[in-house]
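**Student:** You'll find my_file_28.cif just under this line, and it carries mmCIF, C-alpha atoms.
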```
data_protein
loop_
_atom_site.label_atom_id
_atom_site.label_comp_id
_atom_site.auth_asym_id
_atom_site.auth_seq_id
_atom_site.Cartn_x
_atom_site.Cartn_y
_atom_site.Cartn_z
CA MET A 1 -14.16 -61.65 -16.46
CA GLY A 2 -15.18 -58.52 -18.38
CA GLN A 3 -17.02 -59.27 -21.58
CA ALA A 4 -18.43 -62.67 -22.42
CA ALA A 5 -15.59 -65.08 -23.11
CA THR A 6 -17.12 -66.60 -26.21
CA ARG A 7 -18.41 -64.68 -29.19
CA VAL A 8 -21.74 -66.32 -29.86
CA SER A 9 -23.30 -66.01 -33.30
CA LEU A 10 -26.89 -64.81 -33.54
CA GLY A 11 -27.74 -67.98 -35.43
CA SER A 12 -26.57 -70.27 -32.65
CA LEU A 13 -28.16 -67.99 -30.03
CA PHE A 14 -31.50 -68.37 -31.80
CA GLY A 15 -30.98 -72.09 -32.38
CA VAL A 16 -30.11 -72.87 -28.77
CA PHE A 17 -33.03 -70.95 -27.29
CA PHE A 18 -35.38 -72.36 -29.94
CA ARG A 19 -34.42 -75.86 -28.81
CA LEU A 20 -34.72 -74.96 -25.13
CA GLY A 21 -38.18 -73.51 -25.77
CA LEU A 22 -39.35 -76.72 -27.40
CA LEU A 23 -37.77 -79.02 -24.81
CA SER A 24 -39.31 -77.34 -21.78
CA PHE A 25 -42.37 -79.53 -21.38
CA GLY A 26 -44.22 -78.86 -18.16
CA GLY A 27 -42.28 -75.69 -17.36
CA GLY A 28 -38.86 -75.68 -15.75
CA ILE A 29 -37.43 -73.46 -18.49
CA SER A 30 -34.90 -71.84 -16.15
CA ALA A 31 -33.50 -75.29 -15.38
CA TRP A 32 -33.19 -76.13 -19.08
CA VAL A 33 -31.51 -72.77 -19.77
CA HIS A 34 -29.08 -73.32 -16.90
CA ARG A 35 -28.19 -76.80 -18.11
CA GLU A 36 -27.47 -75.66 -21.66
CA ILE A 37 -26.01 -72.17 -21.17
CA VAL A 38 -23.94 -72.73 -18.01
CA ASP A 39 -23.21 -76.47 -17.78
CA VAL A 40 -22.85 -77.44 -21.44
CA ARG A 41 -21.83 -74.29 -23.34
CA HIS A 42 -20.27 -72.13 -20.60
CA TRP A 43 -21.67 -68.99 -22.23
CA VAL A 44 -22.19 -67.38 -18.82
CA THR A 45 -20.73 -68.24 -15.42
CA GLU A 46 -22.74 -69.65 -12.54
CA GLU A 47 -22.51 -66.32 -10.68
CA GLU A 48 -23.72 -64.35 -13.70
CA PHE A 49 -26.60 -66.75 -14.16
CA ILE A 50 -27.71 -66.54 -10.53
CA ALA A 51 -27.54 -62.72 -10.58
CA GLY A 52 -29.58 -62.71 -13.82
CA PHE A 53 -32.14 -65.03 -12.31
CA ALA A 54 -32.46 -62.87 -9.18
CA LEU A 55 -32.81 -59.68 -11.27
CA GLY A 56 -35.40 -61.36 -13.46
CA GLN A 57 -37.45 -62.31 -10.41
CA ILE A 58 -37.45 -58.78 -9.05
CA LEU A 59 -38.39 -57.15 -12.37
CA PRO A 60 -41.82 -57.41 -13.99
CA GLY A 61 -42.30 -60.36 -16.32
CA VAL A 62 -41.90 -64.11 -16.18
CA ASN A 63 -38.52 -65.18 -14.83
CA SER A 64 -37.73 -67.51 -17.75
CA THR A 65 -38.17 -64.81 -20.40
CA ASN A 66 -36.35 -62.26 -18.26
CA LEU A 67 -33.47 -64.70 -17.87
CA THR A 68 -33.43 -65.17 -21.65
CA ILE A 69 -33.32 -61.39 -22.22
CA TYR A 70 -30.51 -61.05 -19.67
CA ILE A 71 -28.39 -63.75 -21.30
CA GLY A 72 -29.10 -62.51 -24.83
CA GLN A 73 -28.17 -58.97 -23.81
CA HIS A 74 -25.00 -60.14 -22.10
CA LEU A 75 -23.85 -62.11 -25.13
CA ARG A 76 -24.94 -59.91 -28.05
CA GLY A 77 -26.61 -56.71 -26.83
CA ALA A 78 -30.09 -55.57 -27.91
CA ILE A 79 -30.27 -57.73 -31.01
CA GLY A 80 -29.07 -60.71 -28.97
CA ALA A 81 -31.83 -60.20 -26.43
CA ALA A 82 -34.47 -60.00 -29.16
CA VAL A 83 -33.11 -63.04 -31.01
CA ALA A 84 -32.91 -65.17 -27.85
CA LEU A 85 -36.47 -64.28 -26.82
CA ALA A 86 -37.81 -64.91 -30.33
CA GLY A 87 -36.02 -68.27 -30.31
CA LEU A 88 -37.45 -69.23 -26.94
CA LEU A 89 -41.06 -68.35 -27.75
CA SER A 90 -41.49 -69.21 -31.44
CA GLY A 91 -41.50 -73.00 -31.03
CA PRO A 92 -43.91 -73.06 -28.08
CA PHE A 93 -46.11 -70.53 -29.92
CA VAL A 94 -46.77 -73.07 -32.66
CA VAL A 95 -47.11 -76.00 -30.26
CA VAL A 96 -49.49 -74.28 -27.87
CA ILE A 97 -51.80 -73.27 -30.74
CA ALA A 98 -51.67 -76.72 -32.30
CA VAL A 99 -52.54 -78.32 -28.97
CA GLY A 100 -55.12 -75.60 -28.29
CA THR A 101 -57.07 -76.60 -31.39
CA VAL A 102 -57.29 -80.28 -30.47
CA TYR A 103 -57.24 -80.13 -26.68
CA ARG A 104 -60.78 -81.35 -26.15
CA TYR A 105 -59.84 -84.49 -28.01
CA LEU A 106 -56.59 -84.83 -26.02
CA LEU A 107 -58.28 -84.27 -22.65
CA GLY A 108 -60.66 -87.10 -23.53
CA MET A 109 -57.78 -89.50 -24.10
CA PRO A 110 -57.27 -91.91 -21.21
CA GLY A 111 -54.06 -91.20 -19.36
CA PHE A 112 -53.40 -87.84 -21.02
CA ALA A 113 -54.17 -85.69 -17.97
CA ALA A 114 -52.19 -88.06 -15.75
CA ALA A 115 -49.15 -88.01 -18.03
CA MET A 116 -49.25 -84.21 -18.14
CA ALA A 117 -49.43 -84.01 -14.34
CA GLY A 118 -46.42 -86.32 -14.10
CA ILE A 119 -44.42 -84.21 -16.53
CA ALA A 120 -45.28 -81.03 -14.62
CA ALA A 121 -44.18 -82.62 -11.33
CA VAL A 122 -40.81 -83.60 -12.80
CA ALA A 123 -40.36 -80.05 -14.17
CA VAL A 124 -40.87 -78.72 -10.64
CA GLY A 125 -38.17 -81.12 -9.46
CA MET A 126 -35.80 -79.67 -12.07
CA LEU A 127 -36.40 -76.20 -10.64
CA LEU A 128 -35.90 -77.48 -7.11
CA ARG A 129 -32.55 -78.90 -8.16
CA LEU A 130 -31.61 -75.53 -9.65
CA GLY A 131 -32.43 -73.96 -6.27
CA ILE A 132 -29.98 -76.43 -4.69
CA VAL A 133 -27.31 -75.43 -7.23
CA PHE A 134 -27.91 -71.78 -6.32
CA ALA A 135 -27.81 -72.48 -2.58
CA ARG A 136 -24.50 -74.31 -2.91
CA ARG A 137 -22.96 -71.22 -4.48
CA VAL A 138 -24.05 -68.99 -1.61
CA LYS A 139 -21.21 -68.19 0.72
CA TRP A 140 -22.27 -70.00 3.85
CA ARG A 141 -21.72 -67.28 6.38
CA PRO A 142 -24.47 -66.27 8.82
CA VAL A 143 -25.84 -63.29 6.89
CA PRO A 144 -26.27 -64.92 3.46
CA ALA A 145 -27.71 -68.06 5.07
CA LEU A 146 -30.24 -66.03 7.03
CA ILE A 147 -31.12 -63.95 3.95
CA LEU A 148 -31.77 -67.11 1.94
CA ALA A 149 -33.97 -68.59 4.68
CA ALA A 150 -35.82 -65.31 5.27
CA THR A 151 -36.53 -64.87 1.55
CA PHE A 152 -37.91 -68.38 1.27
CA VAL A 153 -40.05 -68.17 4.40
CA ALA A 154 -41.45 -64.71 3.65
CA VAL A 155 -42.24 -65.23 -0.05
CA GLY A 156 -42.73 -69.00 -0.25
CA LEU A 157 -44.44 -69.85 3.02
CA LEU A 158 -45.97 -66.62 4.31
CA GLN A 159 -46.71 -65.40 0.75
CA TRP A 160 -45.72 -61.84 1.53
CA PRO A 161 -45.36 -59.53 -1.50
CA LEU A 162 -42.10 -60.34 -3.23
CA ILE A 163 -41.09 -56.77 -3.96
CA ALA A 164 -41.49 -55.65 -0.34
CA VAL A 165 -39.49 -58.61 0.94
CA VAL A 166 -36.68 -57.97 -1.53
CA ALA A 167 -36.71 -54.23 -0.81
CA VAL A 168 -35.95 -55.01 2.84
CA LEU A 169 -33.57 -57.96 2.44
CA ALA A 170 -31.52 -56.94 -0.62
CA PRO A 171 -29.89 -53.85 0.94
CA ILE A 172 -28.89 -55.88 4.01
CA SER A 173 -27.51 -58.69 1.86
CA ILE A 174 -25.61 -56.36 -0.46
CA ALA A 175 -24.20 -54.34 2.45
CA ALA A 176 -22.93 -57.54 4.04
CA ALA A 177 -21.17 -58.45 0.78
CA TRP A 178 -19.65 -54.97 0.34
CA PRO A 179 -15.89 -55.10 -0.14
CA ARG A 180 -13.98 -54.08 3.01
CA ARG A 181 -11.10 -51.72 2.46
CA SER A 182 -8.62 -53.61 4.56
CA ALA A 183 -9.81 -57.19 4.13
CA ASP A 184 -10.13 -59.40 1.06
CA ALA A 185 -11.11 -56.64 -1.39
CA MET B 1 -60.44 -59.94 -38.57
CA ARG B 2 -61.85 -56.97 -36.67
CA GLU B 3 -59.64 -54.52 -34.86
CA GLY B 4 -61.71 -54.46 -31.70
CA PRO B 5 -60.57 -57.77 -30.18
CA LEU B 6 -56.90 -57.08 -30.96
CA LEU B 7 -56.98 -53.74 -29.19
CA ALA B 8 -58.84 -55.32 -26.31
CA LEU B 9 -56.11 -57.97 -26.03
CA VAL B 10 -53.39 -55.33 -25.90
CA ALA B 11 -55.34 -53.25 -23.38
CA LEU B 12 -55.69 -56.32 -21.16
CA LEU B 13 -52.24 -57.88 -21.49
CA ALA B 14 -49.74 -55.00 -21.79
CA PRO B 15 -50.56 -53.62 -18.31
CA LEU B 16 -50.37 -57.17 -16.92
CA SER B 17 -46.92 -57.52 -18.47
CA ILE B 18 -45.63 -54.42 -16.68
CA GLY B 19 -47.45 -55.21 -13.46
CA SER B 20 -46.42 -58.86 -13.24
CA ILE B 21 -43.81 -58.52 -10.53
CA GLY B 22 -43.28 -61.91 -8.95
CA GLY B 23 -43.66 -63.74 -12.21
CA ALA B 24 -46.32 -66.01 -13.61
CA SER B 25 -48.33 -66.46 -10.42
CA SER B 26 -49.16 -62.75 -10.39
CA VAL B 27 -50.57 -62.97 -13.92
CA TYR B 28 -53.07 -65.83 -13.58
CA ALA B 29 -55.54 -64.36 -11.07
CA PRO B 30 -56.14 -61.03 -12.87
CA LEU B 31 -56.18 -62.82 -16.23
CA GLN B 32 -58.87 -65.19 -15.01
CA HIS B 33 -60.93 -62.38 -13.51
CA GLN B 34 -60.78 -60.28 -16.68
CA THR B 35 -61.31 -62.98 -19.32
CA VAL B 36 -63.98 -64.92 -17.44
CA ASP B 37 -65.87 -62.44 -15.26
CA VAL B 38 -65.41 -59.05 -16.94
CA LEU B 39 -64.91 -59.62 -20.69
CA GLN B 40 -66.61 -63.04 -20.72
CA TRP B 41 -64.35 -64.39 -23.44
CA LEU B 42 -64.12 -67.74 -21.67
CA THR B 43 -66.23 -69.89 -19.38
CA PRO B 44 -64.58 -70.82 -16.06
CA GLN B 45 -64.14 -74.37 -17.36
CA GLU B 46 -62.48 -73.16 -20.57
CA PHE B 47 -60.07 -71.02 -18.57
CA ILE B 48 -59.02 -74.00 -16.45
CA GLU B 49 -58.54 -76.15 -19.56
CA LEU B 50 -56.45 -73.55 -21.37
CA PHE B 51 -54.43 -72.97 -18.19
CA ALA B 52 -53.67 -76.70 -18.00
CA ILE B 53 -52.60 -76.82 -21.65
CA ALA B 54 -50.31 -73.81 -21.37
CA ARG B 55 -48.71 -75.33 -18.29
CA VAL B 56 -47.77 -78.68 -19.81
CA THR B 57 -46.88 -77.60 -23.33
CA PRO B 58 -43.34 -76.27 -23.85
CA GLY B 59 -42.73 -72.61 -23.11
CA PRO B 60 -43.77 -70.35 -20.25
CA GLY B 61 -47.10 -71.14 -18.60
CA THR B 62 -48.15 -67.56 -19.28
CA MET B 63 -48.46 -68.53 -22.96
CA LEU B 64 -51.97 -69.05 -21.69
CA ALA B 65 -52.29 -65.52 -23.11
CA THR B 66 -51.41 -66.91 -26.56
CA LEU B 67 -54.26 -69.42 -26.29
CA ILE B 68 -56.68 -66.74 -25.12
CA GLY B 69 -55.64 -64.54 -28.06
CA PHE B 70 -56.14 -67.45 -30.43
CA LYS B 71 -59.59 -68.13 -29.04
CA VAL B 72 -60.62 -64.47 -29.25
CA ALA B 73 -59.18 -63.49 -32.64
CA GLY B 74 -57.48 -66.42 -34.36
CA LEU B 75 -53.84 -66.50 -35.36
CA GLY B 76 -53.51 -62.70 -35.39
CA GLY B 77 -54.97 -62.62 -31.90
CA ALA B 78 -52.47 -65.22 -30.72
CA LEU B 79 -49.56 -63.19 -32.09
CA VAL B 80 -50.81 -59.88 -30.69
CA ALA B 81 -51.50 -61.44 -27.30
CA THR B 82 -48.05 -63.03 -27.12
CA LEU B 83 -46.30 -59.78 -28.00
CA ALA B 84 -48.48 -57.74 -25.66
CA LEU B 85 -47.66 -60.00 -22.71
CA PHE B 86 -43.94 -60.56 -23.31
CA VAL B 87 -42.55 -57.45 -25.00
CA PRO B 88 -43.23 -54.71 -22.39
CA SER B 89 -41.63 -56.61 -19.51
CA SER B 90 -38.77 -57.69 -21.76
CA VAL B 91 -37.95 -54.10 -22.69
CA ILE B 92 -37.69 -53.19 -19.00
CA CYS B 93 -35.55 -56.24 -18.33
CA TYR B 94 -33.32 -55.41 -21.30
CA LEU B 95 -32.66 -51.89 -20.00
CA VAL B 96 -31.76 -53.18 -16.54
CA ALA B 97 -29.59 -55.97 -17.97
CA ARG B 98 -27.72 -53.46 -20.12
CA ILE B 99 -26.85 -51.28 -17.14
CA TRP B 100 -26.06 -54.34 -15.03
CA ASN B 101 -23.75 -55.95 -17.57
CA ARG B 102 -21.97 -52.68 -18.36
CA TYR B 103 -20.54 -52.39 -14.87
CA ARG B 104 -19.47 -55.99 -14.53
CA GLY B 105 -16.18 -56.36 -12.66
CA ARG B 106 -16.48 -53.28 -10.45
CA PRO B 107 -16.20 -53.96 -6.72
CA TRP B 108 -19.74 -52.68 -6.00
CA HIS B 109 -21.05 -54.86 -8.81
CA GLN B 110 -19.45 -57.88 -7.16
CA ALA B 111 -21.17 -56.91 -3.90
CA PHE B 112 -24.53 -56.69 -5.67
CA GLU B 113 -23.93 -60.05 -7.31
CA SER B 114 -22.96 -61.76 -4.05
CA GLY B 115 -25.77 -60.01 -2.20
CA LEU B 116 -28.40 -61.10 -4.72
CA ALA B 117 -27.26 -64.74 -4.75
CA PRO B 118 -28.99 -65.85 -1.52
CA ILE B 119 -32.11 -63.91 -2.54
CA GLY B 120 -32.15 -65.65 -5.92
CA ALA B 121 -31.83 -69.03 -4.22
CA GLY B 122 -34.59 -68.20 -1.71
CA LEU B 123 -36.88 -67.01 -4.50
CA MET B 124 -36.26 -70.19 -6.46
CA PHE B 125 -37.35 -72.34 -3.52
CA ALA B 126 -40.33 -70.03 -2.96
CA GLY B 127 -41.26 -70.41 -6.64
CA VAL B 128 -41.18 -74.19 -6.34
CA VAL B 129 -43.58 -74.05 -3.40
CA ALA B 130 -45.85 -71.66 -5.34
CA ILE B 131 -46.04 -74.01 -8.34
CA LEU B 132 -46.70 -77.03 -6.14
CA ARG B 133 -49.47 -75.07 -4.40
CA LEU B 134 -51.09 -74.31 -7.78
CA GLY B 135 -51.39 -78.02 -8.43
CA ALA B 136 -52.40 -78.92 -4.90
CA ALA B 137 -56.07 -79.13 -5.82
CA GLY B 138 -55.70 -82.17 -8.08
CA PRO B 139 -55.84 -85.75 -6.92
CA LEU B 140 -52.59 -87.38 -5.82
CA TRP B 141 -51.01 -84.00 -5.11
CA PRO B 142 -48.71 -85.38 -2.38
CA LEU B 143 -47.16 -87.45 -5.16
CA SER B 144 -46.05 -84.30 -6.98
CA TRP B 145 -44.12 -83.13 -3.89
CA ALA B 146 -42.46 -86.53 -3.63
CA VAL B 147 -41.64 -86.67 -7.35
CA ALA B 148 -40.16 -83.15 -7.27
CA ALA B 149 -37.94 -84.11 -4.33
CA VAL B 150 -36.75 -87.35 -5.95
CA VAL B 151 -36.05 -85.62 -9.28
CA ALA B 152 -34.05 -82.89 -7.53
CA ALA B 153 -32.02 -85.51 -5.63
CA LEU B 154 -31.36 -87.56 -8.80
CA LEU B 155 -30.22 -84.50 -10.76
CA THR B 156 -28.01 -83.37 -7.90
CA TRP B 157 -26.22 -86.70 -7.71
CA ARG B 158 -26.21 -87.44 -11.43
CA SER B 159 -26.11 -84.12 -13.22
CA ARG B 160 -25.49 -85.80 -16.58
CA LEU B 161 -28.85 -87.54 -16.45
CA HIS B 162 -30.99 -86.19 -19.27
CA PRO B 163 -34.18 -84.52 -18.04
CA PHE B 164 -36.17 -86.23 -20.80
CA VAL B 165 -35.61 -89.58 -19.09
CA LEU B 166 -37.11 -88.15 -15.92
CA LEU B 167 -39.99 -86.41 -17.72
CA ALA B 168 -40.92 -89.67 -19.44
CA GLY B 169 -40.57 -91.54 -16.15
CA GLY B 170 -42.85 -89.01 -14.43
CA ALA B 171 -45.49 -89.40 -17.13
CA VAL B 172 -45.47 -93.20 -16.85
CA LEU B 173 -45.54 -93.12 -13.05
CA TYR B 174 -48.55 -90.81 -13.01
CA VAL B 175 -50.49 -92.79 -15.58
CA ALA B 176 -49.94 -95.88 -13.42
CA ALA B 177 -50.79 -94.04 -10.20
CA TYR B 178 -54.02 -92.61 -11.63
CA ALA B 179 -54.97 -96.04 -12.93
CA VAL B 180 -54.41 -97.62 -9.50
CA ALA B 181 -56.20 -94.79 -7.67
CA GLY B 182 -59.09 -95.06 -10.11
#
```
As structure tokens, how would this structure be written, given the file I've shared?

**Tutor:**
Amino acid sequence: MGQAATRVSLGSLFGVFFRLGLLSFGGGISAWVHREIVDVRHWVTEEEFIAGFALGQILPGVNSTNLTIYIGQHLRGAIGAAVALAGLLSGPFVVVIAVGTVYRYLLGMPGFAAAMAGIAAVAVGMLLRLGIVFARRVKWRPVPALILAATFVAVGLLQWPLIAVVAVLAPISIAAAWPRRSADA
Amino acid sequence: MREGPLLALVALLAPLSIGSIGGASSVYAPLQHQTVDVLQWLTPQEFIELFAIARVTPGPGTMLATLIGFKVAGLGGALVATLALFVPSSVICYLVARIWNRYRGRPWHQAFESGLAPIGAGLMFAGVVAILRLGAAGPLWPLSWAVAAVVAALLTWRSRLHPFVLLAGGAVLYVAAYAVAG
């Protein structure tokens, strides 16, 4: 693999993330980014994307912006990270302020709140589907399967602190994936 | 524009940016406490309204900070608030990504990548549950669980389906459901 296969121009990096930022009604940005960057443009591989998503979750910050920084850095270094993030946030910046100035009027419109709730629910479904894509890529041996289930139960259902859960599970998971001298490594 | 509110925005949001491990859900509670109870920039009702707007408009839901900045200090406040919330965490992420991407291809890197994959998947499912919980207070909340499941199934079977079709469908379905439910 090595370096990114395609040399992506800063202009198209900005343009793509600008579009993704504006499309992501109701959230679900990670799903939009995955669709465009992995499925359509093949700028990063599925494995790279999943690793970037996991890193972004563990680090401070929102996972969608962290994912954007990770991809921008991977493709074009520091300037790429800055350009991708600026692209992602500049469109929504204008929209959120525009809506913020007229929201009392919008909230009074019949059906507005309902339509927004429907859009948000669909966006959650897009993220759920991305989780399924991730899960399919996991090597279905006992340890990875248990790690996946334990992460979900501990963070999602029991609402234990994410960082503590990852601090315990990640070393186990990485150790289990460590290349063996004699075997397939 | 006075300097006071801008500095106050930075003092509030930059620490939140660094401390927001676990993503958006770890930002909302302290943000609400500070802006409503401590600084009294917003009424509780205003906070809920701005939260709802930031969630449905494009971009991260934490652009709630942009709206708060706008309310406190106009356009300059919006810009300062956005930078204060997103830049500090992004710098940390950039540094980690740089190290991470430099060692791509090494055997230990492969092990880290494979080892993080099930954790990433588990965290994604956990995140979905967290978002659905956030909205669980509203009417018709079981519908959002059902819609999320159906959308995920549709996209899994027909990955070429454009999400806009589904987003529009969700909006129409909810308008109808709210009308029926009164």

**Student:** So what does the PyMOL selection byres ((chain B and resi 26-30) around 12) actually pick up in this one, as a PyMOL selection string?

**Tutor:** (chain A and resi 57+60-63+159+161-163) or (chain B and resi 12-25+31-39+47-48+50-52+54-55+60-65+85-86+127+130-131+134)

**Student:** Could you check the closest approach to Val122 in chain A for each of B:Thr156, B:Ser144, B:Gln110, B:Ser89 and tell me which residue wins, using all atoms listed in the file?

**Tutor:**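 Going through B:Thr156, B:Ser144, B:Gln110, B:Ser89 one by one, the smallest distance to Val122 in chain A is for B:Ser144.
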
**Student:** Can you check which residues of chain A have any atom within 6 Å of chain B? Use all atoms listed in the file and format it as a PyMOL selection string.

**Tutor:** chain A and resi 21-22+24-26+51+54+59-63+70+92+111+114-116+118-119+121-122+124-126+128-129+131+134-135+138+144+148+151-152+155-156+173-174+177-178

**Student:** Using Å and a single decimal, report how far CA of Ile99 in chain B sits from CA of Val33 in chain A.

**Tutor:**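 Here the two named atoms are 22.1 Å from each other.
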
**Student:** Would you mind reading off the distance between CA of Phe17 in chain A and CA of Ser64 in chain A, one decimal, in Å?

**Tutor:**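 Value for the CA of Phe17 in chain A-CA of Ser64 in chain A distance: 11.2 Å.
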
**Student:** Separation of CA of Ala98 in chain A and CA of Ala84 in chain B, in Å?

**Tutor:**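 So the answer is 20.4 Å.
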
**Student:** What are the centre and edge lengths in Å, to one decimal, of the axis-aligned box around all listed atoms of range 77-89 of chain B with 6 Å added on each side, as lines of an AutoDock Vina configuration file?

**Tutor:**
```
center_x = -48.3
center_y = -60.0
center_z = -25.8
size_x = 25.3
size_y = 22.5
size_z = 24.6
```

**Student:** Which is closer to Ile147 in chain A than all the others in A:Ile58, A:Ile132, A:Ile29, A:Ile172, using only C-alpha atoms?

**Tutor:**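 Closest to Ile147 in chain A, using only C-alpha atoms: A:Ile172.
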
**Student:** For N, CA and C atoms, please extract range 105-119 of chain B from the block and return it as a compact mmCIF listing (two decimals), in the first residue's frame.

**Tutor:**
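Written out: out-v3.txt:
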```txt
# COMPACT_ATOMS: atom_id res chain seq x y z
N GLY B 105 2.12 -0.01 6.81
CA GLY B 105 2.80 -1.09 6.12
C GLY B 105 3.68 -1.94 7.02
N ARG B 106 4.09 -1.40 8.18
CA ARG B 106 4.88 -2.21 9.10
C ARG B 106 3.99 -3.29 9.72
N PRO B 107 4.61 -4.43 10.07
CA PRO B 107 3.80 -5.51 10.65
C PRO B 107 3.03 -5.07 11.91
N TRP B 108 3.69 -4.31 12.80
CA TRP B 108 2.98 -3.90 14.02
C TRP B 108 1.83 -2.94 13.70
N HIS B 109 2.03 -2.16 12.63
CA HIS B 109 0.97 -1.23 12.23
C HIS B 109 -0.26 -2.01 11.77
N GLN B 110 0.02 -3.09 11.02
CA GLN B 110 -1.08 -3.97 10.57
C GLN B 110 -1.83 -4.54 11.77
N ALA B 111 -1.07 -4.93 12.81
CA ALA B 111 -1.69 -5.49 14.00
C ALA B 111 -2.57 -4.44 14.69
N PHE B 112 -2.06 -3.21 14.76
CA PHE B 112 -2.87 -2.14 15.35
C PHE B 112 -4.15 -1.93 14.54
N GLU B 113 -3.98 -1.94 13.21
CA GLU B 113 -5.13 -1.69 12.35
C GLU B 113 -6.18 -2.79 12.51
N SER B 114 -5.73 -4.04 12.47
CA SER B 114 -6.67 -5.16 12.65
C SER B 114 -7.27 -5.15 14.06
N GLY B 115 -6.44 -4.79 15.04
CA GLY B 115 -6.92 -4.80 16.42
C GLY B 115 -7.94 -3.70 16.68
N LEU B 116 -7.79 -2.57 15.99
CA LEU B 116 -8.72 -1.46 16.21
C LEU B 116 -10.03 -1.65 15.46
N ALA B 117 -10.02 -2.52 14.43
CA ALA B 117 -11.22 -2.66 13.60
C ALA B 117 -12.47 -3.08 14.41
N PRO B 118 -12.39 -4.15 15.23
CA PRO B 118 -13.60 -4.50 15.98
C PRO B 118 -14.00 -3.44 16.99
N ILE B 119 -13.01 -2.69 17.50
CA ILE B 119 -13.34 -1.61 18.45
C ILE B 119 -14.06 -0.47 17.73
```
